[in-house]
$ cat coords.cif   # mmCIF, C-alpha atoms
data_model
#
loop_
_atom_site.label_atom_id
_atom_site.label_comp_id
_atom_site.auth_asym_id
_atom_site.auth_seq_id
_atom_site.Cartn_x
_atom_site.Cartn_y
_atom_site.Cartn_z
CA MET L 1386 -105.58 -36.02 5.55
CA LYS L 1387 -106.75 -32.47 6.14
CA GLN L 1388 -106.31 -30.23 9.12
CA LYS L 1389 -109.48 -30.15 11.22
CA ASN L 1390 -108.35 -27.77 13.95
CA GLU L 1391 -109.45 -24.14 13.79
CA LEU L 1392 -106.66 -21.57 13.74
CA VAL L 1393 -106.67 -19.00 16.53
CA SER L 1394 -104.58 -15.92 17.20
CA VAL L 1395 -102.39 -15.70 20.30
CA GLU L 1396 -104.35 -12.64 21.45
CA SER L 1397 -107.65 -14.58 21.46
CA LEU L 1398 -106.42 -17.24 23.90
CA THR L 1399 -107.77 -17.05 27.45
CA LYS L 1400 -105.42 -17.14 30.43
CA ASN L 1401 -106.42 -20.75 31.17
CA GLN L 1402 -105.81 -21.77 27.55
CA THR L 1403 -102.39 -20.14 27.65
CA ILE L 1404 -101.43 -21.87 30.92
CA LEU L 1405 -102.65 -25.23 29.64
CA SER L 1406 -100.72 -24.78 26.40
CA ILE L 1407 -97.52 -23.91 28.27
CA PHE L 1408 -98.02 -26.97 30.50
CA LEU L 1409 -98.51 -29.33 27.53
CA ILE L 1410 -95.50 -27.93 25.68
CA GLY L 1411 -93.51 -28.28 28.93
CA VAL L 1412 -94.37 -31.97 29.04
CA MET L 1413 -93.12 -32.27 25.48
CA PHE L 1414 -89.85 -30.51 26.34
CA PHE L 1415 -89.40 -32.98 29.21
CA ILE L 1416 -89.73 -35.84 26.72
CA PHE L 1417 -87.33 -34.11 24.29
CA GLY L 1418 -84.77 -33.85 27.06
CA PHE L 1419 -85.21 -37.40 28.29
CA ILE L 1420 -84.58 -38.86 24.85
CA SER L 1421 -81.87 -36.39 23.76
CA TRP L 1422 -79.63 -36.36 26.82
CA VAL L 1423 -79.53 -40.14 27.19
CA ASN L 1424 -76.86 -39.83 24.47
CA ALA L 1425 -74.44 -38.82 27.24
CA ILE L 1426 -74.49 -42.42 28.49
CA LEU L 1427 -75.04 -44.04 25.08
CA ILE L 1428 -71.73 -42.67 23.77
CA PRO L 1429 -69.44 -44.43 26.31
CA TYR L 1430 -71.81 -47.44 26.36
CA PHE L 1431 -71.59 -47.99 22.60
CA LYS L 1432 -67.86 -47.26 22.70
CA ILE L 1433 -67.40 -50.30 24.94
CA ALA L 1434 -70.07 -52.60 23.50
CA CYS L 1435 -69.26 -51.92 19.84
CA GLU L 1436 -65.50 -51.42 20.35
CA LEU L 1437 -65.23 -47.89 18.94
CA THR L 1438 -62.72 -45.04 18.87
CA SER L 1439 -63.65 -41.69 20.42
CA PHE L 1440 -64.44 -40.30 16.96
CA GLN L 1441 -66.66 -43.27 16.10
CA SER L 1442 -68.49 -43.09 19.42
CA TYR L 1443 -69.44 -39.44 18.82
CA LEU L 1444 -71.25 -40.56 15.66
CA VAL L 1445 -74.08 -41.19 18.16
CA ALA L 1446 -74.55 -37.43 18.45
CA PHE L 1447 -73.88 -36.93 14.73
CA ALA L 1448 -76.54 -39.41 13.57
CA PHE L 1449 -79.03 -38.08 16.09
CA TYR L 1450 -78.67 -34.38 15.34
CA VAL L 1451 -77.78 -34.35 11.63
CA ALA L 1452 -81.44 -35.29 11.08
CA TYR L 1453 -82.31 -31.74 12.11
CA PHE L 1454 -80.41 -30.40 9.10
CA PHE L 1455 -82.31 -32.57 6.63
CA MET L 1456 -85.75 -32.46 8.26
CA SER L 1457 -86.21 -28.93 9.60
CA VAL L 1458 -87.36 -27.25 6.38
CA PRO L 1459 -89.63 -30.18 5.35
CA ALA L 1460 -91.01 -30.04 8.91
CA SER L 1461 -92.13 -26.43 8.37
CA PHE L 1462 -94.14 -27.51 5.32
CA ILE L 1463 -95.65 -30.43 7.26
CA LEU L 1464 -96.73 -28.03 10.00
CA LYS L 1465 -98.09 -25.55 7.48
CA LYS L 1466 -100.19 -28.24 5.75
CA TYR L 1467 -101.35 -30.31 8.72
CA GLY L 1468 -101.06 -27.90 11.64
CA PHE L 1469 -99.07 -28.01 14.86
CA LYS L 1470 -100.91 -30.90 16.53
CA MET L 1471 -100.95 -33.36 13.67
CA GLY L 1472 -97.34 -32.46 12.88
CA MET L 1473 -96.41 -33.21 16.48
CA MET L 1474 -98.17 -36.57 16.22
CA PHE L 1475 -96.09 -37.42 13.14
CA GLY L 1476 -92.97 -36.41 15.06
CA PHE L 1477 -93.73 -38.70 17.99
CA TRP L 1478 -94.46 -41.59 15.64
CA ALA L 1479 -91.15 -41.09 13.82
CA MET L 1480 -89.37 -41.20 17.19
CA ALA L 1481 -91.23 -44.41 18.03
CA ALA L 1482 -90.01 -45.98 14.77
CA GLY L 1483 -86.43 -45.03 15.66
CA ALA L 1484 -86.76 -46.59 19.12
CA PHE L 1485 -88.01 -49.86 17.60
CA ILE L 1486 -85.00 -49.94 15.22
CA PHE L 1487 -82.83 -50.43 18.32
CA VAL L 1488 -84.22 -53.99 18.63
CA PRO L 1489 -82.65 -55.47 15.44
CA ALA L 1490 -79.56 -53.32 16.04
CA ALA L 1491 -79.07 -54.89 19.47
CA MET L 1492 -79.82 -58.42 18.27
CA THR L 1493 -77.01 -58.16 15.71
CA ARG L 1494 -74.75 -55.72 17.63
CA THR L 1495 -74.54 -53.59 14.49
CA TYR L 1496 -73.51 -50.02 15.22
CA GLU L 1497 -74.69 -48.75 11.82
CA ILE L 1498 -78.27 -49.90 12.55
CA PHE L 1499 -78.14 -48.14 15.91
CA LEU L 1500 -77.12 -44.98 14.05
CA LEU L 1501 -80.09 -45.42 11.70
CA GLY L 1502 -82.38 -45.67 14.73
CA LEU L 1503 -80.87 -42.53 16.24
CA PHE L 1504 -81.24 -40.69 12.91
CA THR L 1505 -84.93 -41.67 12.76
CA ILE L 1506 -85.48 -40.46 16.32
CA GLY L 1507 -83.78 -37.22 15.30
CA ILE L 1508 -86.19 -36.81 12.38
CA GLY L 1509 -89.12 -37.01 14.78
CA LEU L 1510 -87.52 -34.56 17.18
CA ALA L 1511 -86.80 -32.12 14.33
CA ILE L 1512 -90.53 -31.99 13.55
CA LEU L 1513 -91.42 -31.55 17.21
CA GLN L 1514 -88.80 -28.88 17.86
CA THR L 1515 -89.83 -26.96 14.72
CA ALA L 1516 -93.35 -26.84 16.14
CA ALA L 1517 -92.67 -26.36 19.85
CA ASN L 1518 -90.02 -23.63 19.85
CA PRO L 1519 -91.90 -20.94 17.88
CA TYR L 1520 -95.08 -22.00 19.67
CA ILE L 1521 -93.68 -21.20 23.10
CA THR L 1522 -91.85 -18.10 21.80
CA ILE L 1523 -95.02 -16.39 20.56
CA LEU L 1524 -97.31 -17.72 23.33
CA GLY L 1525 -97.28 -14.49 25.33
CA PRO L 1526 -95.48 -11.12 25.58
CA LYS L 1527 -92.25 -10.90 23.57
CA GLU L 1528 -90.26 -9.41 26.47
CA ARG L 1529 -91.09 -12.47 28.60
CA ALA L 1530 -90.22 -15.03 25.92
CA ALA L 1531 -86.92 -15.85 27.65
CA GLN L 1532 -88.85 -16.63 30.84
CA ARG L 1533 -91.13 -19.09 29.03
CA ILE L 1534 -88.24 -20.68 27.18
CA SER L 1535 -86.36 -20.98 30.50
CA ILE L 1536 -89.32 -22.85 31.97
CA MET L 1537 -89.19 -25.20 28.97
CA GLY L 1538 -85.46 -25.50 29.54
CA ILE L 1539 -86.02 -26.61 33.12
CA CYS L 1540 -88.37 -29.33 31.87
CA ASN L 1541 -85.81 -30.35 29.26
CA LYS L 1542 -82.78 -30.39 31.53
CA ALA L 1543 -84.59 -31.99 34.48
CA ALA L 1544 -85.31 -34.88 32.14
CA GLY L 1545 -81.68 -34.75 31.07
CA ILE L 1546 -80.57 -35.19 34.68
CA LEU L 1547 -82.80 -38.22 35.09
CA SER L 1548 -82.34 -39.97 31.75
CA PRO L 1549 -78.63 -40.98 32.00
CA LEU L 1550 -79.16 -42.11 35.59
CA ILE L 1551 -82.30 -44.11 34.78
CA PHE L 1552 -80.77 -45.57 31.62
CA ALA L 1553 -77.60 -46.51 33.51
CA ALA L 1554 -79.70 -48.11 36.28
CA VAL L 1555 -81.58 -50.17 33.70
CA ILE L 1556 -78.69 -51.37 31.54
CA LEU L 1557 -75.66 -51.34 33.86
CA LYS L 1558 -74.97 -53.75 36.71
CA PRO L 1559 -72.72 -53.28 39.76
CA THR L 1560 -70.48 -56.06 38.40
CA ASP L 1561 -69.91 -54.24 35.09
CA THR L 1562 -66.81 -52.47 36.38
CA ASP L 1563 -65.11 -55.86 36.70
CA LEU L 1564 -66.53 -56.91 33.31
CA PHE L 1565 -65.09 -53.85 31.56
CA ALA L 1566 -61.69 -54.53 33.13
CA GLN L 1567 -61.76 -58.18 32.03
CA LEU L 1568 -62.79 -57.57 28.41
CA GLN L 1569 -59.28 -56.91 27.14
CA HIS L 1570 -58.10 -60.25 28.58
CA MET L 1571 -60.91 -62.38 27.10
CA GLY L 1572 -60.64 -64.55 24.02
CA ASP L 1573 -62.54 -63.50 20.90
CA THR L 1574 -65.48 -65.88 21.42
CA GLU L 1575 -65.90 -65.10 25.11
CA LYS L 1576 -65.55 -61.38 24.49
CA ALA L 1577 -68.14 -61.41 21.68
CA ALA L 1578 -70.62 -63.24 23.92
CA ALA L 1579 -70.08 -60.74 26.76
CA LEU L 1580 -70.53 -57.77 24.45
CA ASP L 1581 -73.65 -59.31 22.87
CA GLU L 1582 -75.18 -59.69 26.32
CA LEU L 1583 -74.22 -56.12 27.20
CA ILE L 1584 -75.73 -54.51 24.09
CA ARG L 1585 -78.98 -56.52 24.22
CA ARG L 1586 -79.88 -54.84 27.49
CA VAL L 1587 -81.24 -51.90 25.46
CA ILE L 1588 -83.99 -54.00 23.83
CA THR L 1589 -86.53 -53.83 26.66
CA PRO L 1590 -86.23 -50.10 27.49
CA TYR L 1591 -86.32 -48.99 23.85
CA SER L 1592 -89.25 -51.29 23.03
CA ALA L 1593 -91.16 -49.75 25.94
CA LEU L 1594 -90.12 -46.25 24.80
CA GLY L 1595 -91.34 -46.87 21.25
CA THR L 1596 -94.74 -48.05 22.50
CA PHE L 1597 -95.03 -45.03 24.80
CA LEU L 1598 -94.21 -42.61 21.96
CA LEU L 1599 -96.82 -44.15 19.67
CA VAL L 1600 -99.53 -43.65 22.28
CA LEU L 1601 -98.29 -40.18 23.21
CA GLY L 1602 -98.43 -38.98 19.61
CA PHE L 1603 -102.12 -39.89 19.39
CA LEU L 1604 -102.85 -38.25 22.76
CA VAL L 1605 -101.16 -34.99 21.71
CA TYR L 1606 -103.28 -34.90 18.55
CA LYS L 1607 -106.42 -35.35 20.65
CA SER L 1608 -105.28 -32.83 23.30
CA PRO L 1609 -106.87 -29.36 23.78
CA LEU L 1610 -103.68 -27.67 22.53
CA PRO L 1611 -104.88 -24.79 20.29
CA GLU L 1612 -103.71 -24.30 16.72
CA ILE L 1613 -102.00 -20.89 16.74
CA ASP L 1614 -102.13 -18.79 13.59
CA THR L 1615 -98.62 -17.67 12.57
CA GLU L 1616 -99.43 -16.80 8.97
CA HIS L 1617 -101.13 -13.43 9.50
CA GLU L 1618 -99.09 -10.38 10.44
CA SER L 1619 -99.93 -7.25 12.35
CA GLU L 1620 -100.04 -4.06 10.31
CA ALA L 1621 -96.70 -2.90 11.73
CA VAL L 1622 -94.94 -6.19 10.95
CA ALA L 1623 -96.56 -6.40 7.51
CA SER L 1624 -95.35 -2.89 6.69
CA ALA L 1625 -91.81 -3.64 7.90
CA ASN L 1626 -91.73 -6.87 5.87
CA SER L 1627 -93.31 -5.47 2.70
CA SER L 1628 -89.96 -5.55 0.89
CA LYS L 1629 -89.00 -8.98 2.20
CA ASN L 1630 -89.17 -11.73 -0.40
CA SER L 1631 -86.97 -14.37 1.18
CA ILE L 1632 -86.04 -15.71 4.57
CA PHE L 1633 -82.49 -14.60 3.77
CA ASP L 1634 -83.65 -10.98 3.90
CA PHE L 1635 -83.52 -11.26 7.71
CA PRO L 1636 -79.83 -11.07 8.75
CA HIS L 1637 -80.64 -11.32 12.45
CA LEU L 1638 -82.36 -14.66 11.76
CA ILE L 1639 -79.55 -16.16 9.66
CA LEU L 1640 -76.90 -15.02 12.14
CA GLY L 1641 -79.15 -16.39 14.90
CA ALA L 1642 -79.23 -19.79 13.22
CA VAL L 1643 -75.42 -19.79 13.17
CA ALA L 1644 -75.49 -18.82 16.84
CA ILE L 1645 -77.83 -21.74 17.58
CA PHE L 1646 -75.48 -24.07 15.65
CA LEU L 1647 -72.53 -23.04 17.81
CA HIS L 1648 -74.49 -22.82 21.05
CA VAL L 1649 -75.94 -26.33 20.86
CA GLY L 1650 -72.50 -27.57 19.87
CA THR L 1651 -70.99 -26.11 23.03
CA GLN L 1652 -73.86 -27.48 25.10
CA VAL L 1653 -73.63 -31.03 23.80
CA ILE L 1654 -69.84 -31.03 24.15
CA ALA L 1655 -70.17 -29.94 27.78
CA ILE L 1656 -72.57 -32.80 28.51
CA ASP L 1657 -71.63 -35.62 26.15
CA THR L 1658 -67.84 -35.38 26.60
CA ILE L 1659 -67.71 -35.05 30.37
CA ILE L 1660 -67.91 -38.81 31.02
CA PRO L 1661 -64.91 -39.59 28.75
CA TYR L 1662 -63.09 -36.64 30.32
CA ALA L 1663 -63.79 -38.09 33.77
CA ASN L 1664 -62.59 -41.49 32.50
CA SER L 1665 -59.30 -39.85 31.50
CA MET L 1666 -58.85 -38.90 35.16
CA GLY L 1667 -59.24 -42.49 36.30
CA LEU L 1668 -62.98 -42.52 37.11
CA ASP L 1669 -64.85 -45.58 35.87
CA LEU L 1670 -68.16 -45.40 34.00
CA LEU L 1671 -70.29 -46.19 37.05
CA GLU L 1672 -68.86 -43.19 38.92
CA ALA L 1673 -68.53 -40.86 35.92
CA LYS L 1674 -72.17 -41.35 34.86
CA THR L 1675 -73.29 -38.68 37.36
CA PHE L 1676 -71.28 -35.83 35.81
CA PRO L 1677 -73.73 -35.02 32.98
CA SER L 1678 -76.35 -34.58 35.70
CA TYR L 1679 -74.14 -32.05 37.49
CA THR L 1680 -73.76 -30.04 34.29
CA LEU L 1681 -77.51 -30.13 33.68
CA ALA L 1682 -78.18 -29.16 37.30
CA CYS L 1683 -76.08 -26.03 36.76
CA THR L 1684 -78.14 -25.32 33.65
CA ILE L 1685 -81.35 -25.55 35.68
CA ILE L 1686 -79.88 -23.15 38.27
CA GLY L 1687 -79.25 -20.73 35.41
CA TYR L 1688 -82.82 -21.13 34.19
CA LEU L 1689 -84.17 -20.40 37.67
CA ILE L 1690 -82.03 -17.28 37.87
CA GLY L 1691 -83.35 -16.24 34.46
CA ILE L 1692 -86.97 -16.75 35.44
CA THR L 1693 -86.37 -14.66 38.58
CA VAL L 1694 -84.49 -11.70 37.11
CA ILE L 1695 -85.79 -11.43 33.49
CA PRO L 1696 -87.12 -8.84 32.68
CA LYS L 1697 -87.51 -7.28 36.17
CA VAL L 1698 -83.80 -6.88 36.90
CA ILE L 1699 -82.03 -7.42 33.57
CA SER L 1700 -83.20 -7.81 29.99
CA GLN L 1701 -82.95 -11.12 28.13
CA VAL L 1702 -80.29 -9.52 25.89
CA THR L 1703 -78.14 -8.64 28.92
CA ALA L 1704 -78.54 -12.19 30.25
CA LEU L 1705 -77.40 -13.52 26.88
CA ARG L 1706 -74.32 -11.32 26.95
CA ILE L 1707 -73.38 -12.38 30.48
CA CYS L 1708 -73.74 -16.08 29.66
CA THR L 1709 -71.65 -15.93 26.49
CA VAL L 1710 -68.81 -14.17 28.30
CA LEU L 1711 -68.97 -16.69 31.16
CA GLY L 1712 -68.74 -19.53 28.64
CA THR L 1713 -65.51 -18.08 27.28
CA PHE L 1714 -63.92 -17.77 30.71
CA PHE L 1715 -65.08 -21.21 31.91
CA THR L 1716 -63.56 -22.80 28.79
CA LEU L 1717 -60.23 -21.16 29.58
CA GLY L 1718 -60.61 -22.65 33.08
CA ILE L 1719 -60.97 -26.14 31.60
CA ILE L 1720 -57.82 -25.71 29.56
CA TYR L 1721 -55.57 -23.99 32.08
CA ALA L 1722 -56.82 -24.82 35.61
CA THR L 1723 -55.00 -27.73 37.26
CA GLY L 1724 -54.88 -29.37 40.66
CA GLU L 1725 -56.64 -32.24 42.39
CA ILE L 1726 -59.87 -31.50 44.25
CA THR L 1727 -62.41 -33.60 46.13
CA LEU L 1728 -65.98 -32.43 45.61
CA LEU L 1729 -69.28 -34.32 45.94
CA ASN L 1730 -67.27 -37.44 46.84
CA HIS L 1731 -65.30 -37.30 43.56
CA THR L 1732 -61.55 -36.81 43.56
CA THR L 1733 -60.67 -35.26 40.19
CA ASP L 1734 -58.71 -32.53 38.49
CA VAL L 1735 -60.37 -29.16 39.14
CA SER L 1736 -60.77 -28.59 35.38
CA ILE L 1737 -63.71 -30.98 35.14
CA TRP L 1738 -65.76 -28.68 37.37
CA PHE L 1739 -65.32 -25.92 34.80
CA VAL L 1740 -66.95 -28.30 32.31
CA VAL L 1741 -69.78 -28.63 34.81
CA LEU L 1742 -70.00 -24.82 35.10
CA LEU L 1743 -70.50 -24.59 31.33
CA GLY L 1744 -74.03 -25.75 32.14
CA LEU L 1745 -74.57 -22.44 33.94
CA ALA L 1746 -73.01 -20.42 31.11
CA ASN L 1747 -75.13 -22.20 28.48
CA SER L 1748 -78.39 -21.91 30.41
CA LEU L 1749 -79.85 -18.68 29.03
CA VAL L 1750 -78.20 -18.65 25.61
CA TRP L 1751 -80.93 -20.62 23.82
CA ALA L 1752 -83.64 -18.58 25.57
CA GLY L 1753 -81.86 -15.37 24.59
CA ILE L 1754 -81.26 -16.20 20.92
CA TRP L 1755 -84.73 -17.46 19.93
CA PRO L 1756 -86.85 -14.35 20.58
CA LEU L 1757 -84.15 -12.12 19.08
CA ALA L 1758 -83.86 -14.23 15.93
CA LEU L 1759 -87.64 -14.61 15.39
CA ASP L 1760 -88.41 -10.96 16.12
CA GLY L 1761 -90.52 -9.39 13.37
CA LEU L 1762 -90.63 -12.40 11.03
CA GLY L 1763 -94.42 -12.39 10.74
CA ARG L 1764 -95.54 -14.77 7.98
CA PHE L 1765 -91.96 -16.08 7.78
CA THR L 1766 -92.12 -17.40 11.37
CA LYS L 1767 -92.56 -21.13 10.61
CA LEU L 1768 -89.86 -21.14 7.93
CA GLY L 1769 -87.63 -19.03 10.16
CA SER L 1770 -88.12 -21.53 12.94
CA SER L 1771 -87.12 -24.35 10.62
CA ILE L 1772 -83.91 -22.48 9.74
CA MET L 1773 -83.20 -22.11 13.44
CA ILE L 1774 -83.86 -25.82 14.03
CA MET L 1775 -81.43 -26.62 11.22
CA GLY L 1776 -78.85 -25.02 13.47
CA LEU L 1777 -79.30 -27.95 15.83
CA CYS L 1778 -77.08 -29.98 13.52
CA GLY L 1779 -74.32 -28.26 15.48
CA ASN L 1780 -75.00 -31.04 17.96
CA ALA L 1781 -73.93 -33.42 15.21
CA ILE L 1782 -70.84 -31.62 13.95
CA MET L 1783 -69.20 -30.17 17.05
CA PRO L 1784 -68.82 -33.44 19.04
CA LEU L 1785 -67.07 -34.97 16.01
CA VAL L 1786 -64.70 -32.02 15.88
CA TYR L 1787 -64.06 -32.45 19.60
CA GLY L 1788 -63.65 -36.24 19.17
CA HIS L 1789 -61.09 -35.74 16.40
CA PHE L 1790 -58.96 -33.46 18.54
CA ALA L 1791 -59.48 -35.66 21.62
CA ASP L 1792 -57.95 -38.59 19.72
CA SER L 1793 -55.04 -36.52 18.41
CA HIS L 1794 -54.36 -33.98 21.18
CA GLY L 1795 -56.07 -35.32 24.30
CA THR L 1796 -59.42 -34.73 25.95
CA ARG L 1797 -58.40 -31.51 27.74
CA LEU L 1798 -56.84 -29.62 24.81
CA ALA L 1799 -59.77 -30.62 22.60
CA TYR L 1800 -61.90 -28.13 24.55
CA TRP L 1801 -60.13 -25.36 22.59
CA VAL L 1802 -62.85 -25.90 19.95
CA LEU L 1803 -65.26 -24.07 22.28
CA ILE L 1804 -63.37 -20.75 22.25
CA PRO L 1805 -64.33 -19.58 18.72
CA CYS L 1806 -67.90 -20.73 19.39
CA TYR L 1807 -68.27 -18.55 22.46
CA LEU L 1808 -66.57 -15.59 20.78
CA TYR L 1809 -69.15 -15.70 17.99
CA LEU L 1810 -71.95 -15.92 20.56
CA VAL L 1811 -70.53 -12.83 22.26
CA PHE L 1812 -70.69 -11.07 18.88
CA TYR L 1813 -74.32 -12.07 18.27
CA ALA L 1814 -75.35 -10.97 21.75
CA ALA L 1815 -73.62 -7.60 21.34
CA LYS L 1816 -74.17 -6.77 17.67
CA GLY L 1817 -75.47 -9.54 15.42
CA HIS L 1818 -79.06 -9.62 16.67
CA LYS L 1819 -79.51 -5.92 15.84
CA LEU L 1820 -78.76 -6.25 12.13
CA ARG L 1821 -81.77 -5.78 9.85
CA LYS L 1822 -79.78 -5.32 6.65
CA TRP L 1823 -76.67 -7.11 5.48
CA GLY L 1824 -73.61 -5.00 6.25
CA PHE L 1825 -72.31 -3.23 9.32
CA LYS L 1826 -73.10 0.40 8.53
#
$ encode --input "coords.cif" --output "structure tokens"
Amino acid sequence: MKQKNELVSVESLTKNQTILSIFLIGVMFFIFGFISWVNAILIPYFKIACELTSFQSYLVAFAFYVAYFFMSVPASFILKKYGFKMGMMFGFWAMAAGAFIFVPAAMTRTYEIFLLGLFTIGIGLAILQTAANPYITILGPKERAAQRISIMGICNKAAGILSPLIFAAVILKPTDTDLFAQLQHMGDTEKAAALDELIRRVITPYSALGTFLLVLGFLVYKSPLPEIDTEHESEAVASANSSKNSIFDFPHLILGAVAIFLHVGTQVIAIDTIIPYANSMGLDLLEAKTFPSYTLACTIIGYLIGITVIPKVISQVTALRICTVLGTFFTLGIIYATGEITLLNHTTDVSIWFVVLLGLANSLVWAGIWPLALDGLGRFTKLGSSIMIMGLCGNAIMPLVYGHFADSHGTRLAYWVLIPCYLYLVFYAAKGHKLRKWGFK
């Protein structure tokens, strides 16, 4: 199968082509978000239906995001051989296969098969993210890259607000609160039957999702999305990179990939742990399910601020520095702030609202890191993007670290794992992104 689409340079795109491309990539980011952030409700759902510990339940995030580690570099070679559009089609089809795996997993209530399905969905997303992130980064002026990425972030997080609520509306019933309370008093046979009925509710939505993704992959391939040439460098970039023989000759990229690893870890912890943290305060699942949406709403507010002020008022680097410092202080608020508060009809400890505020702190970190890390890569852009996408396995590792400490030290103290993450991000924002040679001279 050979690539049939003609390569074009970013400079040759018309204004209408650029707007259309941004719109199509925005639709894709919406789909990424819808599928990714549903994990926030899948984690407590599987914990109940498959009778898991906190650590085991966070294997949902691990299986989903560890695929990025294994697939990101192969994805860059797929994109190089077949082009962005055909590569995206393959990504959507892999996600469809993962969605269909949920059917036998639900029929047998086998957690390991669910994890296989999530891993397969993650493989598809790794291909799509490897294509979409550099695409939107280079699709316009470098100094406005954070604006474009923020727009993509709004699409992603808006879907993230909707997906847990829609998923919960589809699979949860008003009577489930009573069911969850009764489970511990049921006999083995009755309990198994109740849990089988509960888990099989995912069959219809995931079958529909798989069908939708199959069709969408074909439509993206047939779409007018242009194939952007990332292999040819400008004279200035070619001269600067003349001595570069390896992707590891770009310290700002490698340090940026570590920053992405830690950033996505902090982001997924803020969203995927907030329901169990609310549960620890006495809120049931039906009430707690709205908290991931609050966190994501704060993220969208941050994106809107970024779109408004970058680069007119502050630079994207300054925005990155502000957000990383805020993340550090909000984490200390989670750990140390105490006292009951009633807000948005929820009566909880005040600390949970600092978890919500992490959405604001995390909002412009991704948008700030990407253009800094990819700056000046030239012909190394696709491979550099794949290295950055590998960093998304932080979504897999960090929730497990949190889950381990949540089991041993409690859900509040487990948030200490965020402090070293934010401190590193502060370093990258202040110093790490400037390094062009290894060393600190």
$ resolve_selection --input "coords.cif" --expression "the PyMOL selection byres ((chain L and resi 1473-1475) around 8)" --output "PyMOL selection string"
chain L and resi 1469-1472+1476-1479+1509+1512-1513+1516+1601-1603+1605-1606
$ write_last_selection --input "coords.cif" --atoms "C-alpha atoms" --output "PDB file, keeping the file's coordinate frame"
ATOM      1  CA  PHE L1469     -99.070 -28.010  14.860  1.00  0.00           C
ATOM      2  CA  LYS L1470    -100.910 -30.900  16.530  1.00  0.00           C
ATOM      3  CA  MET L1471    -100.950 -33.360  13.670  1.00  0.00           C
ATOM      4  CA  GLY L1472     -97.340 -32.460  12.880  1.00  0.00           C
ATOM      5  CA  GLY L1476     -92.970 -36.410  15.060  1.00  0.00           C
ATOM      6  CA  PHE L1477     -93.730 -38.700  17.990  1.00  0.00           C
ATOM      7  CA  TRP L1478     -94.460 -41.590  15.640  1.00  0.00           C
ATOM      8  CA  ALA L1479     -91.150 -41.090  13.820  1.00  0.00           C
ATOM      9  CA  GLY L1509     -89.120 -37.010  14.780  1.00  0.00           C
ATOM     10  CA  ILE L1512     -90.530 -31.990  13.550  1.00  0.00           C
ATOM     11  CA  LEU L1513     -91.420 -31.550  17.210  1.00  0.00           C
ATOM     12  CA  ALA L1516     -93.350 -26.840  16.140  1.00  0.00           C
ATOM     13  CA  LEU L1601     -98.290 -40.180  23.210  1.00  0.00           C
ATOM     14  CA  GLY L1602     -98.430 -38.980  19.610  1.00  0.00           C
ATOM     15  CA  PHE L1603    -102.120 -39.890  19.390  1.00  0.00           C
ATOM     16  CA  VAL L1605    -101.160 -34.990  21.710  1.00  0.00           C
ATOM     17  CA  TYR L1606    -103.280 -34.900  18.550  1.00  0.00           C
TER      18      TYR L1606
END
$ closest_residue --input "coords.cif" --among "L:Leu1689, L:Leu1647, L:Leu1524, L:Leu1409" --to "Pro1756 (chain L)" --atoms "all atoms listed in the file"
L:Leu1524
$ closest_residue --input "coords.cif" --among "L:Ile1720, L:Leu1762, L:Ile1546, L:Val1698" --to "Ile1523 (chain L)" --atoms "all atoms listed in the file"
L:Leu1762
$ resolve_selection --input "coords.cif" --expression "the PyMOL selection byres ((chain L and resi 1413) around 12)" --output "ChimeraX atom specification"
/L:1406-1412,1414-1420,1470,1473-1474,1476-1477,1510,1513-1514,1516-1518,1520-1521,1537-1541,1544,1598,1601-1602,1604-1605,1610
$ resolve_selection --input "coords.cif" --expression "the PyMOL selection byres ((chain L and resi 1429) around 8)" --output "count of residues only"
12
$ atom_distance --input "coords.cif" --atom1 "CA of Trp1755 (chain L)" --atom2 "CA of Val1445 (chain L)"
26.1 Å
$ residues_around --input "coords.cif" --residues "Arg1586 (chain L)" --least-positions-apart "2" --cutoff "9 Å" --atoms "all atoms listed in the file" --output "list in words"
Ala1491, Val1555, Ile1556, Leu1557, Asp1581, Glu1582, Leu1583, Ile1584, Ile1588, Thr1589 and Pro1590 of chain L
$ closest_atom_pairs --input "coords.cif" --of "region 1459-1570 of chain L" --to "region 1738-1750 of chain L" --cutoff "9 Å" --atoms "all atoms listed in the file" --output "tab-separated table"
residue	atom	partner	partner_atom	distance
L:Ala1531	CA	L:Leu1749	CA	7.7
L:Ile1534	CA	L:Leu1749	CA	8.8
L:Ser1535	CA	L:Leu1749	CA	7.1
L:Gly1538	CA	L:Ser1748	CA	8.0
$ build_atoms --input "coords.cif" --residues "region 1717-1722 of chain L" --atoms "N, CA and C atoms" --output "mmCIF file, keeping the file's coordinate frame"
data_model
loop_
_atom_site.group_PDB
_atom_site.id
_atom_site.type_symbol
_atom_site.label_atom_id
_atom_site.label_comp_id
_atom_site.auth_asym_id
_atom_site.auth_seq_id
_atom_site.Cartn_x
_atom_site.Cartn_y
_atom_site.Cartn_z
ATOM 1 N N LEU L 1717 -61.639 -21.398 29.245
ATOM 2 C CA LEU L 1717 -60.230 -21.160 29.580
ATOM 3 C C LEU L 1717 -59.874 -21.846 30.895
ATOM 4 N N GLY L 1718 -60.835 -21.919 31.827
ATOM 5 C CA GLY L 1718 -60.610 -22.650 33.080
ATOM 6 C C GLY L 1718 -60.402 -24.129 32.847
ATOM 7 N N ILE L 1719 -61.156 -24.715 31.920
ATOM 8 C CA ILE L 1719 -60.970 -26.140 31.600
ATOM 9 C C ILE L 1719 -59.555 -26.385 31.098
ATOM 10 N N ILE L 1720 -59.101 -25.504 30.228
ATOM 11 C CA ILE L 1720 -57.820 -25.710 29.560
ATOM 12 C C ILE L 1720 -56.627 -25.452 30.487
ATOM 13 N N TYR L 1721 -56.752 -24.431 31.319
ATOM 14 C CA TYR L 1721 -55.570 -23.990 32.080
ATOM 15 C C TYR L 1721 -55.600 -24.339 33.572
ATOM 16 N N ALA L 1722 -56.769 -24.545 34.165
ATOM 17 C CA ALA L 1722 -56.820 -24.820 35.610
ATOM 18 C C ALA L 1722 -56.347 -26.244 35.891
#
